[in-house]
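Report on one structure; see the data block that follows.
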Amino acid sequence: MKEPFELEWMGGAAEHHFRKARPETERLPWGSLDPSGYSPAAVESARGSWTEVAINEYRAVASFAEVLRALVDVKAPLDLLGMTSDFLADECSHVELASRMAMELGGAAPRAVDVDQFAMRPGGRTALQRANELVLRVSCIAEAFAGGTAAVSLDKTTHPLPRAVYETILRDEAHHRRLGGLYFEWALSRVDEAELRRLGQVLLSGLKGLAPFWRPRATRPEASPAPPVDELQALGWLTPAQFAPVAREVVVRDILDPLATIGIAVPAEDRAALLG
Ligand SMILES: [Fe+2]
Ligand SMILES: [Fe+2]
C-alpha cells in the first residue's frame with residue numbers, strides 16, 4: 001500500500017551513535033542555500049528531485065539489507081559481510097543528506113511510496129543463485145547506474161551545498177559499486193554456464209527498468225513553466241534531455257561492458273534493442 005514518504009528521527013542515544021559512525025554529515029555547509037535566489041520553478045523541481053533521491057537511498061537501505069542476508073546465507077567471506085554491513089549505515093546517511101537538501105529548498109515534496117515493495121525478491125532457488133542475483137541487481141546495476149550518472153550531475157553543480165552532498169554520497173557509492181566485482185571474484189568459480197545465462201537475463205530485465213532514463217519522451221512530462229537550465233544545474237540537476245545520453249553511456253561503460261568481461265552478458269540483438 002502506498003503511503004506518504006515520511007521520516008522519523010529519534011535523537012538522544014540513537015542519534016549519538018549514528019553521528020559517531022558518520023560524523024561527516026554535520027560538517028556540510030548546511031544553511032548556506034537561499035532558495036529565494038532561484039526561480040520558483042527551479043526550486044520546485046529540485047525539491048522534488050532531492051526528495052526522490054531520499055526515497056531511492058531509502059530503497060538502497062532495503063536493498064543492501066537483502067544483499068547482506070543473501071551473503072550470510074551463502075557463507076560469503078566474513079570481511080565481505082563486514083564491508084556490506086557498513087553500507088547500510090552509508091545508505092541511511094544518504095537518506096539524511098538528500099532529505100536535508102530538500103528541507104533547505106523549502107521541505108520535501110509530497111511523494112507516495114510502498115516500502116513493502118522496496119526489497120528485491122530474487123528468482124533464484126539456491127542461496128548462491130539468490131546472492132548472485134541480488135549482488136548483480138544492487139551493486140552491479142543500481143549502484144553503478146546511480147554513481148555513474150551522479151558523477152556527471154556533480155560536474156555541473158555549482159552551489160557548494162549540493163556539491164558537498166554529491167561528493168559525500170559518491171565517495172561511499174564507489175565502494176558500493178566495488179562489491180559486485182569482489183563478490184563475483186569469489187563466486188564465479190562456483191557458477192556454471194546455465195547460471196551465467198540466467199544472470200544475463202536478470203541483467204537485461206534490470207536494465208529494461210532503467211530504459212526510460214535514456215528514452216525520456218513518453219514518461220517524463222516537462223514541468224511547466226520549464227525551470228532555467230543553469231539554475232537546475234546549480235542545484236544539482238540535469239534536464240531529462242541532458243540526462244539521457246549520460247544514462248546510456250553509463251549503462252554501456254559501467255555496467256554492460258565490465259559484466260561481459262566476466263561472462264554475464266546480454267545477447268547482441270537484445271543489447272541493441274535495449275540501447276536503441
Ligand atoms: Fe546511497
Ligand atoms: Fe549506495
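Numbering starts fresh at 1 for the residues of each chain in the C-alpha cells, the chains themselves are lettered A, B, ... in the order given, and ligands are numbered from 1 as they appear.
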
Give the residues close to ligand 2, within 7 Å, counting only C-alpha atoms and all ligand atoms; write them as a VMD selection string. chain A and resid 60 91 143 172 to 173 176

Given the selection you just returned, output its residues as a file containing C-alpha atoms, formatted as a PDB file, in the first residue's frame.
```pdb
ATOM      1  CA  ALA A  60      19.121   1.222  -1.112  1.00  0.00           C
ATOM      2  CA  GLU A  91      22.708   4.460   2.808  1.00  0.00           C
ATOM      3  CA  GLU A 143      24.713   1.387  -7.595  1.00  0.00           C
ATOM      4  CA  ASP A 172      30.575   5.942  -0.489  1.00  0.00           C
ATOM      5  CA  GLU A 173      28.960   4.779  -3.732  1.00  0.00           C
ATOM      6  CA  HIS A 176      29.174   0.062  -3.053  1.00  0.00           C
TER       7      HIS A 176
END
```

Please identify the residues whose atoms come within 12 Å of ligand 1, using only C-alpha atoms and all ligand atoms, and report them as a PyMOL selection string. chain A and resi 53-64+86-98+138-139+142-147+150+165-177

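Note that atom CA of Gln242 of chain A and atom CA of Met101 of chain A are 22.0 Å apart.
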
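The interatomic distance for the pair atom CA of Ala13 of chain A and atom CA of Glu66 of chain A works out to 26.3 Å.
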
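With only C-alpha atoms taken into account, the protein and nucleic acid residues at most 7 Å from Gly180 of chain A (excluding it and anything under 4 positions from it in its own chain) are A:Val135, A:Leu136, A:Ser139, A:Cys140, A:Phe184.
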
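Residues lying within 10 Å of Leu161 of chain A, counting only C-alpha atoms and ignoring same-chain neighbours fewer than 6 positions away, are Leu28, Pro29, Trp30, Gly31, Ser32, Leu33, Met101, Glu104, Glu167, Ala234, Leu235 and Gly236 of chain A.
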
Could you please determine the separation between atom CA of Ala260 of chain A and atom CA of Asp155 of chain A in Å, to one decimal place? 28.3 Å

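Residues in contact range of Met1 of chain A, defined as at most 8 Å between only C-alpha atoms, with sequence neighbours fewer than 3 positions away removed, read A:Val113, A:Asp114, A:Asp116.
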
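By chain and then residue number, the residues within 10 Å of Leu134 of chain A are Ser63, Phe64, Glu66, Val67, Leu68, Arg69, Ala70, Leu71, Met120, Arg121, Pro122, Gly123, Gly124, Leu128, Gln129, Ser139, Cys140, Ile141, Gly180 and Val202 of chain A, counting only C-alpha atoms and disregarding those fewer than 5 positions away in sequence.
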
Distance criterion (only C-alpha atoms): nearest to Thr157 of chain A out of A:Trp9, A:Phe213, A:Trp50, A:Trp237: A:Trp237

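Shortest atom-to-atom contact with Asp254 of chain A among A:Arg22, A:Ala42, A:Ala187, A:Thr149: A:Thr149, counting only C-alpha atoms.
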